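Data block below; observations after.
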Amino acid sequence: MSWVVLLLVALPFASAALSLFVGHRGEVAERGIAVGASAIGLGLAFVVAFPHLGDATPLGHVFARTSAAGPAIELSVYVDQLTAAMLLLAHTVAFLVQVYSLGYMAGDPRYPSYAALISIFTGAMTLVVVADDLWVLLVGWELMGMCSYFLISHHWELREARAGAVKAFLMTRTADLGLLFAIIVLGVRFDTYRISTIMGEIADGGFGRDELWLPALLVTAAVIGKSAQFPLHTWLPDAMPGPTPISALIHAATMVAAGVFLVARTFPLYLSAPAALTTLALVASLTMIISATYALFTNDLKRVLAWSTVSQLAYMFGALAVGAYAAGVLHLLAHGAFKALLFLAAGSVVHAVGTTSMSAMGGLREKLPDTFVTMTVGFGALAGVVPLVGFFTKDAVIGSVWDAARHGHLVWPWVAWVLFASTVLTAVLTVAYSLRAWLMVFLTAAPPLAAEPAVSEAAEPHEAPLSMKVPLYLLTVPTLLGGLVVVYPQAVFGDGEYHLVHPGLAVVMTLLVVATALAVAWQWRRSGGRDPWHPFVLPHPAVDRVYAVGVVRPVRWLARTVRAGDRDVIDRYADGAGAATRGLGWVLRQAQTGNVQTYLMVVVVGACAIAVAAGVAS
Amino acid sequence: MGDSLPLWWPLVLACVLFAIGVYGVLVRRNAVLVLMGVELMLNAVNINLVAFDAYFRDVVHGGQTLALFVIVIAAAEIGLALAIVLRVFRTHGHIEVDALRELADRDEPPADAGADRLDDRAEADQPQEAR
């Protein structure tokens, strides 16, 4: 079985290499490799995952280890319930994204590298998920950063795509330093880099409260960067110029999910360090409100979804921060399903309309019936409408925070209360922005500007091809039925006591959802079926301005200084040496007049002088 | 040795001739006269050689032999030099030695290098005209 895991890790990389090798030589072969390899990967993921869901002993295996000085670095895998669930999520979404890209990226000249990078992305996420060694995990972690950089800048001729890619790369890389230092600190402390061993030792106790605060906080820093939490939350919305399937992949299954996964993987470390949990809780409460507010007012469909991802990730961190492991992980899985659905549906809308601006959309219900149905399900899940998966997991998260606020002991009660207030407020905001986006895309009357070019047949919005529709419908299945897992979490996590369903809170939250929805709908009707409220222009988060003043400008200034120093100081030395030599040469050259008689005169006078000197000396 | 010619007479003569030759080489502008200066210097040396040969009563007459060599070489030299002078006159139209300055090392001025390098190079390539 362990070799299957290794194969599962190696397969996407092999497929990427093959894909790049084939390149433009065969369009069909290229597509076959991309989809076929991800289908095989999905199959292998099922083979690996199913025996390890529920009551199963985790699989741990060491393939190789270094014998250098210090703790050994091991190529080792560890598959437990969390890994199994993440493998299923990552490979399902990756497969659907590859299928979807057949239609979405049809005719794109950069399809080979695109497909290869998706494969590498999937492989990197698999590596992160199955790795049992911190360094191996770091390799996958950084590979994901690299792939997201390349994929966000897929349309590198667009300025904002390049800028978004650089921003994502710089922000996540800066935060990744936290993980690097955490690995070193943990390695020194435990004399091993094996995650399962370290976590086992921590879980066995023997460590004082907050004794391991340093590695926990360092991991938190890395996670904040990777999962786009405050104050590094701005890179994710700016990554939107990338192709929409990539956004689905990044937001649902890989990149940002890896942050939540890392917290879940190192959960014993967090439980032993309430300082880190408190930090995480406060960061999450701030992030979810800020990002939900941005989602409420932005006019760009993809940015709405991006901000909603940030806010939903904050939900997961909130749940994990109060010790509700199952609720956090289940919300991660549920969010993976419905956010992939939402992004792929948004891709279908963008494919049809040709822009991501919501004011250019409207009235797409008749034109895009399949997209309408599936995206409605997705938005419903995001808003937490009753039978959909988002309702159950969100209820589990809010309920866990409620429990922690009343009689929790991990974090101070006031932290849990702040978190609880944030989660409830964010739930209301989520309903509002989901409903607004849904109304503006599908129900609002088509904008007059778009109606005029509709005379020409090419501009008429049309439903996506079959390869794009099928993944949408496939993703509605977990979105519709995923709630069953919350009711019966033993299927995933094995036997145990899970307090995930909170009927009282669920009723209150449903009433809140209905009330908010009615208020938004009423506001929408009152504004004449257009945008329910004026898009309040919030172009850039205020944090970005702080970064601009505090980081970007000093770095630019430093760069200019260094360039000036190079040009005006170092180059001056080189130029000065050259000029001095030339000047000296010029002086000496004055003797070379070309007049033979002058030369002879010098010879004669010199000979006489030598003769006289010799005479005087002797 | 008492009745023989004193050594300093030919030595003074050689000195005077050599000095005249040096003067001619350094000062005269006409190439032919410069060559005549060279001849004067060579023959001053010859007088020295012969004088010392006689003074030391050399049995193998090394000095006189060397003088003969010098005469031969001087003849060859003057033949070659006059040919050169002839060529110079054909190409330049004059044989003024101090006006033949094409071999002067005259590059661009060092202060503002680069900008007008090409112009300077073009100028340097042009043959110098007689002044």
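We label chains A, B, ... in the order they appear in the structure tokens, count residues from 1 in each chain, and number ligands from 1 in the order shown.
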
Review point. Taking only C-alpha atoms into account, what are the residues of chain B at most 7 Å from chain A, put as a PyMOL selection string?
Key: chain B and resi 26+98+100-105+110

Review point. Residues at most 7 Å from segment 498-508 of chain A, counting only C-alpha atoms, excluding those fewer than 4 positions away in the same chain, as a PyMOL selection string?
Key: chain A and resi 327+395-396+399+486-487+512

Extract the full set of helix (DSSP H, G or I) residues from segment 56-108 of chain A according to DSSP on the backbone, and format it as a PDB file with N, CA, C and O atoms, in the first residue's frame.
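Contents of the output file selection35.pdb:
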ATOM      1  N   GLN A  81      -6.732   9.580   8.606  1.00  0.00           N
ATOM      2  CA  GLN A  81      -8.049   9.992   8.122  1.00  0.00           C
ATOM      3  C   GLN A  81      -7.969  11.355   7.436  1.00  0.00           C
ATOM      4  O   GLN A  81      -8.559  11.572   6.376  1.00  0.00           O
ATOM      5  N   LEU A  82      -7.219  12.272   8.053  1.00  0.00           N
ATOM      6  CA  LEU A  82      -7.082  13.617   7.486  1.00  0.00           C
ATOM      7  C   LEU A  82      -6.442  13.550   6.103  1.00  0.00           C
ATOM      8  O   LEU A  82      -6.952  14.129   5.129  1.00  0.00           O
ATOM      9  N   THR A  83      -5.330  12.793   6.005  1.00  0.00           N
ATOM     10  CA  THR A  83      -4.661  12.655   4.714  1.00  0.00           C
ATOM     11  C   THR A  83      -5.594  12.065   3.674  1.00  0.00           C
ATOM     12  O   THR A  83      -5.654  12.537   2.533  1.00  0.00           O
ATOM     13  N   ALA A  84      -6.310  11.026   4.070  1.00  0.00           N
ATOM     14  CA  ALA A  84      -7.190  10.349   3.119  1.00  0.00           C
ATOM     15  C   ALA A  84      -8.237  11.312   2.585  1.00  0.00           C
ATOM     16  O   ALA A  84      -8.480  11.396   1.371  1.00  0.00           O
ATOM     17  N   ALA A  85      -8.869  12.071   3.492  1.00  0.00           N
ATOM     18  CA  ALA A  85      -9.902  13.006   3.056  1.00  0.00           C
ATOM     19  C   ALA A  85      -9.318  14.069   2.138  1.00  0.00           C
ATOM     20  O   ALA A  85      -9.902  14.410   1.095  1.00  0.00           O
ATOM     21  N   MET A  86      -8.110  14.575   2.505  1.00  0.00           N
ATOM     22  CA  MET A  86      -7.495  15.615   1.678  1.00  0.00           C
ATOM     23  C   MET A  86      -7.094  15.071   0.315  1.00  0.00           C
ATOM     24  O   MET A  86      -7.194  15.759  -0.704  1.00  0.00           O
ATOM     25  N   LEU A  87      -6.624  13.808   0.286  1.00  0.00           N
ATOM     26  CA  LEU A  87      -6.257  13.208  -1.001  1.00  0.00           C
ATOM     27  C   LEU A  87      -7.466  13.143  -1.914  1.00  0.00           C
ATOM     28  O   LEU A  87      -7.395  13.491  -3.093  1.00  0.00           O
ATOM     29  N   LEU A  88      -8.596  12.681  -1.350  1.00  0.00           N
ATOM     30  CA  LEU A  88      -9.809  12.594  -2.159  1.00  0.00           C
ATOM     31  C   LEU A  88     -10.191  13.968  -2.679  1.00  0.00           C
ATOM     32  O   LEU A  88     -10.475  14.142  -3.872  1.00  0.00           O
ATOM     33  N   LEU A  89     -10.179  14.953  -1.796  1.00  0.00           N
ATOM     34  CA  LEU A  89     -10.569  16.305  -2.201  1.00  0.00           C
ATOM     35  C   LEU A  89      -9.649  16.824  -3.304  1.00  0.00           C
ATOM     36  O   LEU A  89     -10.109  17.263  -4.373  1.00  0.00           O
ATOM     37  N   ALA A  90      -8.333  16.733  -3.066  1.00  0.00           N
ATOM     38  CA  ALA A  90      -7.388  17.328  -4.016  1.00  0.00           C
ATOM     39  C   ALA A  90      -7.492  16.657  -5.373  1.00  0.00           C
ATOM     40  O   ALA A  90      -7.552  17.324  -6.409  1.00  0.00           O
ATOM     41  N   HIS A  91      -7.537  15.332  -5.374  1.00  0.00           N
ATOM     42  CA  HIS A  91      -7.520  14.646  -6.670  1.00  0.00           C
ATOM     43  C   HIS A  91      -8.859  14.754  -7.380  1.00  0.00           C
ATOM     44  O   HIS A  91      -8.887  14.819  -8.613  1.00  0.00           O
ATOM     45  N   THR A  92      -9.951  14.801  -6.628  1.00  0.00           N
ATOM     46  CA  THR A  92     -11.239  14.995  -7.294  1.00  0.00           C
ATOM     47  C   THR A  92     -11.268  16.352  -7.977  1.00  0.00           C
ATOM     48  O   THR A  92     -11.608  16.467  -9.171  1.00  0.00           O
ATOM     49  N   VAL A  93     -10.915  17.386  -7.227  1.00  0.00           N
ATOM     50  CA  VAL A  93     -10.968  18.729  -7.812  1.00  0.00           C
ATOM     51  C   VAL A  93      -9.985  18.836  -8.969  1.00  0.00           C
ATOM     52  O   VAL A  93     -10.299  19.413 -10.021  1.00  0.00           O
ATOM     53  N   ALA A  94      -8.786  18.255  -8.801  1.00  0.00           N
ATOM     54  CA  ALA A  94      -7.795  18.348  -9.878  1.00  0.00           C
ATOM     55  C   ALA A  94      -8.314  17.666 -11.139  1.00  0.00           C
ATOM     56  O   ALA A  94      -8.179  18.195 -12.247  1.00  0.00           O
ATOM     57  N   PHE A  95      -8.928  16.503 -10.973  1.00  0.00           N
ATOM     58  CA  PHE A  95      -9.452  15.784 -12.136  1.00  0.00           C
ATOM     59  C   PHE A  95     -10.540  16.614 -12.808  1.00  0.00           C
ATOM     60  O   PHE A  95     -10.545  16.804 -14.031  1.00  0.00           O
ATOM     61  N   LEU A  96     -11.473  17.137 -12.006  1.00  0.00           N
ATOM     62  CA  LEU A  96     -12.563  17.913 -12.594  1.00  0.00           C
ATOM     63  C   LEU A  96     -12.022  19.175 -13.262  1.00  0.00           C
ATOM     64  O   LEU A  96     -12.513  19.577 -14.325  1.00  0.00           O
ATOM     65  N   VAL A  97     -11.011  19.774 -12.657  1.00  0.00           N
ATOM     66  CA  VAL A  97     -10.436  20.978 -13.271  1.00  0.00           C
ATOM     67  C   VAL A  97      -9.779  20.633 -14.601  1.00  0.00           C
ATOM     68  O   VAL A  97      -9.896  21.376 -15.578  1.00  0.00           O
ATOM     69  N   GLN A  98      -9.111  19.483 -14.652  1.00  0.00           N
ATOM     70  CA  GLN A  98      -8.496  19.086 -15.929  1.00  0.00           C
ATOM     71  C   GLN A  98      -9.562  18.856 -16.990  1.00  0.00           C
ATOM     72  O   GLN A  98      -9.415  19.279 -18.148  1.00  0.00           O
ATOM     73  N   VAL A  99     -10.652  18.193 -16.609  1.00  0.00           N
ATOM     74  CA  VAL A  99     -11.731  17.962 -17.580  1.00  0.00           C
ATOM     75  C   VAL A  99     -12.317  19.296 -18.019  1.00  0.00           C
ATOM     76  O   VAL A  99     -12.519  19.550 -19.213  1.00  0.00           O
ATOM     77  N   TYR A 100     -12.560  20.148 -17.026  1.00  0.00           N
ATOM     78  CA  TYR A 100     -13.163  21.446 -17.304  1.00  0.00           C
ATOM     79  C   TYR A 100     -12.265  22.277 -18.217  1.00  0.00           C
ATOM     80  O   TYR A 100     -12.733  22.969 -19.123  1.00  0.00           O
ATOM     81  N   SER A 101     -10.956  22.163 -18.008  1.00  0.00           N
ATOM     82  CA  SER A 101     -10.022  22.968 -18.803  1.00  0.00           C
ATOM     83  C   SER A 101     -10.043  22.570 -20.264  1.00  0.00           C
ATOM     84  O   SER A 101      -9.654  23.361 -21.124  1.00  0.00           O
ATOM     85  N   LEU A 102     -10.461  21.329 -20.557  1.00  0.00           N
ATOM     86  CA  LEU A 102     -10.568  20.932 -21.962  1.00  0.00           C
ATOM     87  C   LEU A 102     -11.438  21.933 -22.709  1.00  0.00           C
ATOM     88  O   LEU A 102     -11.123  22.352 -23.817  1.00  0.00           O
ATOM     89  N   GLY A 103     -12.552  22.294 -22.081  1.00  0.00           N
ATOM     90  CA  GLY A 103     -13.435  23.249 -22.736  1.00  0.00           C
ATOM     91  C   GLY A 103     -12.987  24.680 -22.525  1.00  0.00           C
ATOM     92  O   GLY A 103     -12.977  25.481 -23.446  1.00  0.00           O
ATOM     93  N   TYR A 104     -12.585  24.961 -21.280  1.00  0.00           N
ATOM     94  CA  TYR A 104     -12.298  26.364 -20.937  1.00  0.00           C
ATOM     95  C   TYR A 104     -11.053  26.855 -21.639  1.00  0.00           C
ATOM     96  O   TYR A 104     -10.993  27.995 -22.090  1.00  0.00           O
TER      97      TYR A 104
END

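For the set B:Val25, B:Leu11, B:Leu82, B:Ile20, the residue with the smallest atom-to-atom gap to Asn48 of chain B is B:Leu11, counting only C-alpha atoms.
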
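A straight line drawn from atom CA of Val485 of chain A to atom CA of Phe379 of chain A is 19.8 Å long.
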
**Study point:** Atom-to-atom span, atom CA of Tyr111 of chain A and atom CA of Glu30 of chain A, Å
**Key:** 8.5 Å

**Study point:** One-decimal distance in Å that lies between atom CA of Thr476 of chain A and atom CA of Val431 of chain A
**Key:** 19.0 Å

Exercise for review: Write out as a PyMOL selection string the residues lying within 12 Å of Phe52 of chain B, counting only C-alpha atoms and excluding same-chain residues fewer than 5 positions away.
Suggested key: chain B and resi 5-11+14+45-47+57-58+61-64+66-67

Practice item. For segment 184-198 of chain A, work out the shell of residues within 7 Å, counting only C-alpha atoms and skipping chain neighbours fewer than 3 positions away, then give it as a ChimeraX atom specification. Key: /A:71-73,132-134,180-181,201-202,215

For Val34 of chain B, find every residue with an atom within 10 Å (counting only C-alpha atoms), except residues of its own chain fewer than 6 positions away, and show them as a tab-separated table (two decimals) with N, CA, C and O atoms, in the first residue's frame.
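So the final result, stored in selection-v1.tsv, reads:
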chain	number	residue	atom	x	y	z
A	597	GLN	N	64.14	63.05	-36.23
A	597	GLN	CA	65.29	63.77	-35.72
A	597	GLN	C	65.15	64.06	-34.23
A	597	GLN	O	66.14	64.04	-33.50
B	21	GLY	N	78.96	65.18	-38.37
B	21	GLY	CA	77.96	64.20	-38.82
B	21	GLY	C	76.73	64.22	-37.93
B	21	GLY	O	75.58	64.23	-38.42
B	22	VAL	N	76.93	64.23	-36.60
B	22	VAL	CA	75.79	64.27	-35.68
B	22	VAL	C	74.96	65.52	-35.93
B	22	VAL	O	73.73	65.47	-36.01
B	23	TYR	N	75.67	66.63	-36.08
B	23	TYR	CA	74.96	67.88	-36.34
B	23	TYR	C	74.12	67.77	-37.61
B	23	TYR	O	72.95	68.15	-37.63
B	24	GLY	N	74.74	67.19	-38.64
B	24	GLY	CA	74.01	67.05	-39.91
B	24	GLY	C	72.79	66.18	-39.76
B	24	GLY	O	71.71	66.51	-40.24
B	25	VAL	N	72.96	65.06	-39.05
B	25	VAL	CA	71.82	64.14	-38.89
B	25	VAL	C	70.71	64.81	-38.10
B	25	VAL	O	69.53	64.68	-38.42
B	26	LEU	N	71.07	65.52	-37.04
B	26	LEU	CA	70.04	66.07	-36.15
B	26	LEU	C	69.39	67.31	-36.72
B	26	LEU	O	68.24	67.59	-36.42
B	27	VAL	N	70.08	68.06	-37.48
B	27	VAL	CA	69.60	69.40	-37.80
B	27	VAL	C	69.13	69.53	-39.24
B	27	VAL	O	68.14	70.20	-39.50
B	28	ARG	N	69.85	68.91	-40.17
B	28	ARG	CA	69.49	69.13	-41.56
B	28	ARG	C	68.12	68.54	-41.85
B	28	ARG	O	67.74	67.50	-41.32
B	40	LEU	N	79.46	60.79	-42.73
B	40	LEU	CA	80.53	61.43	-42.00
B	40	LEU	C	80.82	60.70	-40.69
B	40	LEU	O	81.98	60.47	-40.34
B	96	GLU	N	61.75	66.29	-46.95
B	96	GLU	CA	61.97	66.99	-45.69
B	96	GLU	C	61.77	65.97	-44.56
B	96	GLU	O	60.66	65.48	-44.34
B	97	VAL	N	62.83	65.66	-43.80
B	97	VAL	CA	62.75	64.59	-42.80
B	97	VAL	C	61.76	64.95	-41.69
B	97	VAL	O	60.96	64.12	-41.27

Using only C-alpha atoms, which protein or nucleic acid residues come within 8 Å of Val385 of chain A? Drop anything in the same chain fewer than 6 positions from it, and give the result as a PDB file with N, CA and C atoms, in the first residue's frame.
ATOM      1  N   PHE A 391     -24.467  24.510   5.061  1.00  0.00           N
ATOM      2  CA  PHE A 391     -25.286  24.718   6.252  1.00  0.00           C
ATOM      3  C   PHE A 391     -24.770  23.876   7.414  1.00  0.00           C
ATOM      4  N   THR A 510     -30.672  29.672  10.719  1.00  0.00           N
ATOM      5  CA  THR A 510     -31.553  29.617   9.551  1.00  0.00           C
ATOM      6  C   THR A 510     -32.477  30.826   9.526  1.00  0.00           C
ATOM      7  N   VAL A 513     -30.488  33.648   8.312  1.00  0.00           N
ATOM      8  CA  VAL A 513     -30.278  33.546   6.867  1.00  0.00           C
ATOM      9  C   VAL A 513     -31.512  34.043   6.138  1.00  0.00           C
TER      10      VAL A 513
END

Exercise for review: Could you give me, as a PyMOL selection string, the residues within 9 Å of segment 153-168 of chain A, counting only C-alpha atoms and dropping anything in the same chain fewer than 2 positions from it?
Suggested key: chain A and resi 110+114+145+148-151+170-173+234-243

File of the preceding selection, C-alpha atoms, as a PDB file, in the first residue's frame:
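result30.pdb, freshly written:
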ATOM      1  CA  ARG A 110      -0.140  27.757 -23.547  1.00  0.00           C
ATOM      2  CA  TYR A 114      -0.860  24.949 -18.120  1.00  0.00           C
ATOM      3  CA  GLY A 145       3.912  28.481  -4.146  1.00  0.00           C
ATOM      4  CA  SER A 148       0.556  29.236  -8.102  1.00  0.00           C
ATOM      5  CA  TYR A 149       2.995  31.909  -9.244  1.00  0.00           C
ATOM      6  CA  PHE A 150       3.197  30.413 -12.716  1.00  0.00           C
ATOM      7  CA  LEU A 151      -0.509  29.723 -13.036  1.00  0.00           C
ATOM      8  CA  LEU A 170       6.253  37.382  -2.294  1.00  0.00           C
ATOM      9  CA  MET A 171       3.587  37.254   0.405  1.00  0.00           C
ATOM     10  CA  THR A 172       3.477  33.479   0.678  1.00  0.00           C
ATOM     11  CA  ARG A 173       7.236  33.149   0.486  1.00  0.00           C
ATOM     12  CA  THR A 234      -4.651  40.671   0.049  1.00  0.00           C
ATOM     13  CA  TRP A 235      -2.816  38.328  -2.283  1.00  0.00           C
ATOM     14  CA  LEU A 236      -5.710  35.961  -2.890  1.00  0.00           C
ATOM     15  CA  PRO A 237      -8.129  38.457  -4.497  1.00  0.00           C
ATOM     16  CA  ASP A 238      -5.298  39.905  -6.526  1.00  0.00           C
ATOM     17  CA  ALA A 239      -4.583  36.436  -7.867  1.00  0.00           C
ATOM     18  CA  MET A 240      -7.853  36.542  -9.794  1.00  0.00           C
ATOM     19  CA  PRO A 241      -6.430  37.454 -13.237  1.00  0.00           C
ATOM     20  CA  GLY A 242      -5.334  33.819 -13.505  1.00  0.00           C
ATOM     21  CA  PRO A 243      -7.539  31.381 -15.432  1.00  0.00           C
TER      22      PRO A 243
END
